[in-house]
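Asks: Coordinates in query-v2.txt, compact mmCIF, C-alpha atoms, are listed below.
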```txt
# COMPACT_ATOMS: atom_id res chain seq x y z
CA MET A 17 81.69 78.41 87.12
CA ARG A 18 80.27 79.73 83.87
CA ALA A 19 81.75 77.87 80.91
CA GLU A 20 82.62 81.09 79.06
CA TRP A 21 84.63 82.32 82.03
CA ARG A 22 87.07 79.42 82.05
CA ASP A 23 88.92 80.43 78.87
CA ARG A 24 89.15 84.03 80.04
CA ILE A 25 90.52 82.97 83.43
CA VAL A 26 93.17 80.77 81.79
CA GLU A 27 94.15 83.58 79.43
CA VAL A 28 94.47 86.18 82.22
CA PHE A 29 96.44 83.84 84.50
CA GLN A 30 98.89 82.94 81.73
CA ASP A 31 99.33 86.57 80.76
CA ILE A 32 99.89 87.97 84.25
CA VAL A 33 102.16 85.18 85.51
CA GLY A 34 104.21 85.52 82.34
CA LYS A 35 104.51 89.30 82.58
CA GLN A 36 104.98 89.65 86.33
CA ALA A 37 106.84 86.49 87.37
CA PHE A 38 108.42 85.67 83.99
CA MET A 39 107.25 82.05 84.22
CA LEU A 40 105.83 79.78 81.56
CA VAL A 41 102.24 78.71 82.17
CA GLU A 42 100.52 75.71 80.67
CA CYS A 43 96.92 74.78 81.42
CA LEU A 44 96.79 71.08 82.30
CA ASP A 45 94.21 68.52 83.35
CA LYS A 46 94.30 68.60 87.15
CA GLU A 47 94.86 64.85 87.30
CA ASP A 48 98.02 65.19 85.18
CA LEU A 49 99.72 67.66 87.50
CA PRO A 50 102.98 66.43 89.08
CA ALA A 51 103.37 66.05 92.83
CA GLY A 52 104.26 69.37 94.38
CA GLY A 53 105.87 68.41 97.68
CA GLU A 54 104.29 68.20 101.11
CA GLU A 55 103.45 71.81 101.86
CA PHE A 56 101.55 74.40 99.86
CA ARG A 57 100.68 78.08 100.14
CA ARG A 58 97.09 79.13 99.57
CA ALA A 59 96.11 82.74 98.80
CA ALA A 60 92.42 83.62 98.87
CA VAL A 61 90.92 86.92 97.74
CA ARG A 62 87.31 87.87 98.34
CA LEU A 63 85.65 89.73 95.48
CA ARG A 64 83.04 92.37 96.21
CA GLY A 65 80.91 94.52 93.96
CA ASP A 66 78.65 93.59 91.07
CA ILE A 67 80.00 90.06 91.34
CA GLN A 68 80.81 88.45 94.66
CA GLY A 69 82.87 85.43 95.50
CA GLN A 70 86.41 84.26 96.04
CA LEU A 71 89.54 83.59 94.03
CA THR A 72 91.91 80.97 95.43
CA VAL A 73 95.37 80.06 94.15
CA ILE A 74 97.41 77.19 95.63
CA VAL A 75 101.10 76.65 94.87
CA PRO A 76 103.94 74.55 96.33
CA VAL A 77 105.97 76.39 98.97
CA GLU A 78 109.10 76.26 96.81
CA MET A 79 107.39 78.10 93.98
CA CYS A 80 106.98 81.22 96.11
CA LYS A 81 110.77 81.65 96.28
CA GLU A 82 110.99 81.27 92.51
CA ILE A 83 108.39 83.97 92.01
CA ALA A 84 110.32 86.34 94.30
CA ALA A 85 113.61 85.54 92.58
CA ASN A 86 112.13 86.13 89.13
CA VAL A 87 110.40 89.38 90.04
CA LEU A 88 113.47 90.79 91.76
CA GLY A 89 116.01 89.45 89.27
CA ILE A 90 117.95 87.38 91.80
CA VAL A 91 118.55 83.66 92.35
CA SER A 92 116.10 81.74 94.51
CA LYS A 93 118.83 80.72 97.00
CA GLU A 94 119.41 84.34 98.02
CA ASN A 95 118.05 85.42 101.39
CA LEU A 96 115.95 88.14 99.79
CA ALA A 97 114.06 85.53 97.76
CA GLU A 98 113.26 83.66 100.97
CA LEU A 99 112.28 86.92 102.69
CA ARG A 100 109.99 88.04 99.87
CA ALA A 101 108.65 84.58 98.93
CA GLU A 102 105.18 84.78 100.46
CA ASP A 103 104.78 88.47 99.70
CA SER A 104 105.65 87.90 96.03
CA PHE A 105 103.08 85.14 95.76
CA VAL A 106 100.38 87.22 97.44
CA GLU A 107 101.13 90.20 95.19
CA LEU A 108 100.95 87.99 92.10
CA VAL A 109 97.54 86.69 93.18
CA ASN A 110 96.45 90.25 93.92
CA VAL A 111 97.32 91.36 90.39
CA VAL A 112 95.68 88.29 88.83
CA CYS A 113 92.56 89.06 90.85
CA GLY A 114 92.51 92.71 89.74
CA HIS A 115 92.65 91.69 86.10
CA LEU A 116 90.12 88.89 86.51
CA ALA A 117 87.66 91.19 88.25
CA THR A 118 87.79 93.49 85.23
CA VAL A 119 87.34 90.66 82.77
CA LEU A 120 84.53 88.93 84.63
CA VAL A 121 82.32 91.93 85.39
CA GLY A 122 82.76 93.78 82.08
CA GLY A 123 81.22 97.06 80.93
CA GLU A 124 80.37 99.70 83.50
CA ARG A 125 80.00 97.27 86.38
CA ARG A 126 82.50 97.18 89.23
CA ALA A 127 84.20 94.57 91.37
CA ARG A 128 87.18 94.86 93.68
CA GLY A 129 89.31 92.31 95.50
CA ALA A 130 89.93 92.51 99.25
CA LEU A 131 93.43 92.07 100.67
CA PRO A 132 94.55 88.46 100.03
CA GLU A 133 94.60 86.01 102.93
CA LEU A 134 97.53 83.61 103.03
CA SER A 135 97.58 80.17 104.63
CA THR A 136 99.58 76.95 104.52
CA ILE A 137 97.94 73.68 103.56
CA SER A 138 99.03 70.05 103.52
CA ARG A 139 99.24 67.60 100.68
CA ASP A 140 95.92 66.07 101.74
CA GLU A 141 94.26 69.49 101.56
CA TRP A 142 95.84 70.03 98.14
CA ARG A 143 94.27 66.75 96.95
CA GLU A 144 90.93 67.91 98.30
CA ALA A 145 91.25 71.20 96.39
CA GLN A 146 92.24 69.23 93.29
CA GLY A 147 88.87 67.46 93.48
CA ASP A 148 86.94 70.75 93.33
CA PRO A 149 85.09 70.74 89.98
CA ASP A 150 85.74 74.48 89.58
CA ALA A 151 89.52 74.17 90.10
CA ILE A 152 91.71 74.77 87.05
CA GLY A 153 95.14 73.10 86.87
CA PHE A 154 98.28 74.78 85.59
CA LEU A 155 101.90 73.80 85.21
CA VAL A 156 103.94 76.94 85.96
CA ASP A 157 107.53 76.23 84.96
CA ASP A 158 107.69 72.83 86.70
CA PHE A 159 105.31 73.62 89.56
CA PRO A 160 101.70 72.40 89.84
CA VAL A 161 99.20 75.18 90.53
CA LEU A 162 95.48 75.14 91.26
CA LEU A 163 93.23 78.15 90.66
CA THR A 164 89.62 78.20 91.79
CA ILE A 165 87.19 81.03 91.35
CA ALA A 166 83.70 80.82 92.78
CA VAL A 167 81.64 83.89 91.93
CA GLU A 168 78.03 84.86 91.48
CA GLU A 169 76.17 87.95 90.41
CA ALA A 170 75.46 90.24 93.36
CA SER A 171 71.83 90.66 94.33
CA PRO A 172 70.33 93.89 92.96
CA MET B 10 119.95 116.31 89.02
CA ALA B 11 118.07 113.53 90.72
CA PHE B 12 114.51 112.90 91.86
CA ASN B 13 113.38 111.81 95.30
CA ILE B 14 110.60 109.28 94.82
CA LEU B 15 108.20 107.76 97.35
CA VAL B 16 106.71 104.32 96.66
CA VAL B 17 103.64 103.39 98.69
CA ASP B 18 102.64 99.74 98.57
CA ASP B 19 101.96 97.09 101.20
CA SER B 20 104.00 94.60 99.19
CA GLY B 21 107.74 94.70 99.90
CA THR B 22 108.30 92.92 96.62
CA VAL B 23 106.62 95.74 94.71
CA ARG B 24 108.63 98.35 96.60
CA ASP B 25 111.88 96.50 95.83
CA PHE B 26 110.82 96.01 92.22
CA PHE B 27 110.15 99.74 91.90
CA GLY B 28 113.74 100.52 92.87
CA LYS B 29 115.00 98.14 90.23
CA THR B 30 112.54 99.44 87.63
CA LEU B 31 113.41 103.09 88.21
CA ARG B 32 117.12 102.33 87.77
CA LEU B 33 116.46 100.20 84.68
CA ALA B 34 114.37 103.02 83.25
CA GLY B 35 117.39 105.29 83.56
CA ILE B 36 115.62 107.75 85.83
CA PRO B 37 118.06 109.89 87.83
CA LEU B 38 117.16 108.72 91.30
CA GLY B 39 118.10 110.58 94.45
CA ASP B 40 116.55 108.90 97.48
CA LEU B 41 113.93 106.19 97.08
CA PHE B 42 111.56 106.30 100.05
CA GLN B 43 109.21 103.43 100.87
CA ALA B 44 105.94 103.28 102.79
CA ARG B 45 103.63 100.34 103.47
CA ASN B 46 100.42 102.40 103.55
CA GLY B 47 99.06 105.92 103.30
CA ALA B 48 99.72 106.76 106.95
CA GLU B 49 103.41 105.90 106.66
CA ALA B 50 103.56 107.87 103.42
CA LEU B 51 102.16 111.01 105.06
CA ALA B 52 104.74 110.72 107.84
CA ILE B 53 107.55 110.56 105.27
CA LEU B 54 106.09 113.46 103.28
CA LYS B 55 106.12 115.63 106.37
CA HIS B 56 109.85 115.22 106.90
CA HIS B 57 111.41 114.79 103.45
CA TRP B 58 111.48 116.54 100.10
CA ILE B 59 109.70 114.26 97.61
CA ASP B 60 109.35 114.94 93.88
CA LEU B 61 106.88 112.20 92.95
CA VAL B 62 104.68 109.63 94.69
CA PHE B 63 103.67 106.23 93.31
CA THR B 64 100.84 104.67 95.32
CA ASP B 65 98.89 101.44 95.30
CA ILE B 66 95.13 101.65 96.00
CA ASN B 67 94.36 98.60 98.11
CA MET B 68 96.37 98.82 101.36
CA PRO B 69 95.66 98.28 105.05
CA LEU B 70 95.28 101.18 107.55
CA MET B 71 95.11 103.96 104.94
CA ASP B 72 94.47 103.16 101.27
CA GLY B 73 95.44 105.07 98.14
CA PHE B 74 92.14 106.97 97.95
CA GLU B 75 92.58 108.26 101.50
CA LEU B 76 96.22 109.17 100.88
CA VAL B 77 95.39 111.25 97.80
CA GLU B 78 92.55 112.98 99.68
CA ALA B 79 94.79 113.77 102.64
CA MET B 80 97.46 115.20 100.33
CA ARG B 81 94.95 117.42 98.56
CA GLU B 82 93.85 118.88 101.88
CA ASP B 83 97.43 119.82 102.79
CA ASP B 84 98.69 123.12 101.35
CA LEU B 85 102.25 121.83 101.17
CA LEU B 86 101.39 118.58 99.44
CA GLU B 87 98.46 119.41 97.19
CA ARG B 88 100.59 120.06 94.10
CA LEU B 89 102.89 117.10 94.53
CA PRO B 90 102.26 114.69 91.62
CA VAL B 91 100.80 111.32 92.57
CA VAL B 92 100.69 108.29 90.27
CA VAL B 93 98.25 105.51 91.09
CA VAL B 94 99.65 102.02 90.48
CA SER B 95 97.15 99.20 90.69
CA ALA B 96 95.95 95.99 89.08
CA GLU B 97 92.44 97.37 89.00
CA GLN B 98 91.03 98.63 85.74
CA ASP B 99 87.76 99.92 87.10
CA PRO B 100 87.11 103.06 84.98
CA MET B 101 85.02 104.73 87.69
CA GLY B 102 87.60 103.99 90.38
CA ILE B 103 90.39 105.42 88.24
CA GLU B 104 88.28 108.45 87.38
CA GLU B 105 87.62 108.95 91.08
CA MET B 106 91.35 108.90 91.87
CA LEU B 107 92.10 111.35 89.07
CA SER B 108 89.30 113.65 90.21
CA LYS B 109 90.75 113.64 93.72
CA GLY B 110 94.07 114.84 92.34
CA ALA B 111 96.08 111.87 91.13
CA ARG B 112 97.93 112.79 87.95
CA ALA B 113 98.34 109.43 86.21
CA TYR B 114 97.45 105.77 86.39
CA VAL B 115 99.76 102.80 85.79
CA ARG B 116 98.37 99.31 85.67
CA LYS B 117 100.22 96.39 87.26
CA PRO B 118 102.21 94.58 86.03
CA PHE B 119 104.19 97.52 84.70
CA THR B 120 107.34 97.89 82.61
CA PRO B 121 110.35 100.21 83.05
CA GLU B 122 109.27 101.91 79.80
CA ARG B 123 105.86 102.79 81.21
CA ILE B 124 107.36 104.13 84.44
CA LYS B 125 109.88 106.21 82.50
CA GLU B 126 107.12 107.64 80.32
CA VAL B 127 105.12 108.71 83.38
CA VAL B 128 108.09 110.18 85.25
CA GLU B 129 109.23 112.16 82.22
CA ASP B 130 105.71 113.35 81.55
CA LEU B 131 105.12 114.54 85.11
CA LEU B 132 108.54 115.83 86.10
CA GLY B 133 110.55 116.60 83.01
CA VAL B 134 114.10 117.69 83.77
CA GLY B 135 113.33 121.16 85.05
CA HIS B 136 111.86 119.96 88.34
CA ALA B 137 114.78 117.95 89.63
CA ARG B 138 116.16 119.09 92.95
```
How does this structure look as structure tokens?
Replies:
Amino acid sequence: MRAEWRDRIVEVFQDIVGKQAFMLVECLDKEDLPAGGEEFRRAAVRLRGDIQGQLTVIVPVEMCKEIAANVLGIVSKENLAELRAEDSFVELVNVVCGHLATVLVGGERRARGALPELSTISRDEWREAQGDPDAIGFLVDDFPVLLTIAVEEASP
Amino acid sequence: MAFNILVVDDSGTVRDFFGKTLRLAGIPLGDLFQARNGAEALAILKHHWIDLVFTDINMPLMDGFELVEAMREDDLLERLPVVVVSAEQDPMGIEEMLSKGARAYVRKPFTPERIKEVVEDLLGVGHAR
């Protein structure tokens, strides 16, 4: 990842999560992140256009319900929060990706995210993702979050 | 007087949030219709009176570009105002949507104030059913 991109990515993630999910975001050293349970949701978005690559965000399963509850103005124990949990997380990643694509390409160039792909990963897979040198760690309210973006300039 | 509004987005959360936002914005809401993609939206538009459409761009089956194009080719729908709601800020993409007939663009995440501004600008009070 380009060094100058890191600060922009952190800024965009903090801004969008704050505005859309009403959650406090702190950028933390990945090694200092608290344990996040045994199961995690992973949303991956492929970027196409003048830059190509993939944005990946991994969060604990429980955080998805909190996102839904915050967006919809309900409590996380309500059925609707459970029903909308994964969708709320995917939509949040989608919006983060849209803003990041704008920031990273700049000027007149274009990049667009594909529809996000959602999967479930284990704690071992989380640890593996934590070891990725491009992964950025965040504490979102009390939840550990990993964001990885691997992009390159598209061939002319 | 109340407006019938159609929200087109593949995210159920966004569709639910729209309902909440429209009420918070104080917009007189008649029926709030929801569609998960452009094809579902066209089916609703064929059978119901709609005053305003909010549509996402990136959706499966039929995206926002295709929906706006299809509406512009339909004599009964071509003048119905469409607002594009997306996280994208690609100037050429937005210009393309506006050239195809969309009337406004709202960037996600949006506020009730921004939605109110757009609804008032496009509908005013004289167009309510």
Asks: Dig up all the protein and nucleic acid residues within 10 Å of (80.9, 87.3, 92.7) in the file frame, using all atoms listed in the file, and format them as a ChimeraX atom specification.
Replies: /A:62-71,117,120-121,127-128,165-171
Asks: Could you please tell me, as a PyMOL selection string, which residues of chain B have an atom within 6 Å of chain A when using all atoms listed in the file?
Replies: chain B and resi 22+26+96-97+118
Asks: Considering all atoms listed in the file, can you say which of A:Ile90, A:Leu44, A:Cys80, A:Val109 comes closest to Val26 (chain A)?
Replies: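 For Val26 (chain A), the nearest of the given residues is A:Leu44.
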Asks: Excluding Trp58 (chain B) and any residue of its chain fewer than 6 positions from it, enumerate the residues within 12 Å of it, using only C-alpha atoms, and give them as a PDB file with C-alpha atoms, in the frame of the given file.
Replies:
```
ATOM      1  CA  ALA B  11     118.070 113.530  90.720  1.00  0.00           C
ATOM      2  CA  PHE B  12     114.510 112.900  91.860  1.00  0.00           C
ATOM      3  CA  ASN B  13     113.380 111.810  95.300  1.00  0.00           C
ATOM      4  CA  ILE B  14     110.600 109.280  94.820  1.00  0.00           C
ATOM      5  CA  LEU B  15     108.200 107.760  97.350  1.00  0.00           C
ATOM      6  CA  GLY B  39     118.100 110.580  94.450  1.00  0.00           C
ATOM      7  CA  ASP B  40     116.550 108.900  97.480  1.00  0.00           C
ATOM      8  CA  LEU B  41     113.930 106.190  97.080  1.00  0.00           C
ATOM      9  CA  PHE B  42     111.560 106.300 100.050  1.00  0.00           C
ATOM     10  CA  LEU B  51     102.160 111.010 105.060  1.00  0.00           C
ATOM     11  CA  ALA B  52     104.740 110.720 107.840  1.00  0.00           C
ATOM     12  CA  LEU B  85     102.250 121.830 101.170  1.00  0.00           C
ATOM     13  CA  LEU B  86     101.390 118.580  99.440  1.00  0.00           C
ATOM     14  CA  LEU B  89     102.890 117.100  94.530  1.00  0.00           C
ATOM     15  CA  ALA B 137     114.780 117.950  89.630  1.00  0.00           C
ATOM     16  CA  ARG B 138     116.160 119.090  92.950  1.00  0.00           C
TER      17      ARG B 138
END
```
Asks: Expressed in Å to a single decimal, how great is the separation between CA of Ile74 (chain A) and CA of Arg58 (chain A)?
Replies: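 These two atoms are separated by 4.4 Å.
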Asks: Have a look at A:Glu42, A:Glu27, A:Glu47, A:Glu20 and name the one nearest to Ala151 (chain A); count only C-alpha atoms.
Replies: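 Checking each candidate against Ala151 (chain A), we get A:Glu47 as the closest.
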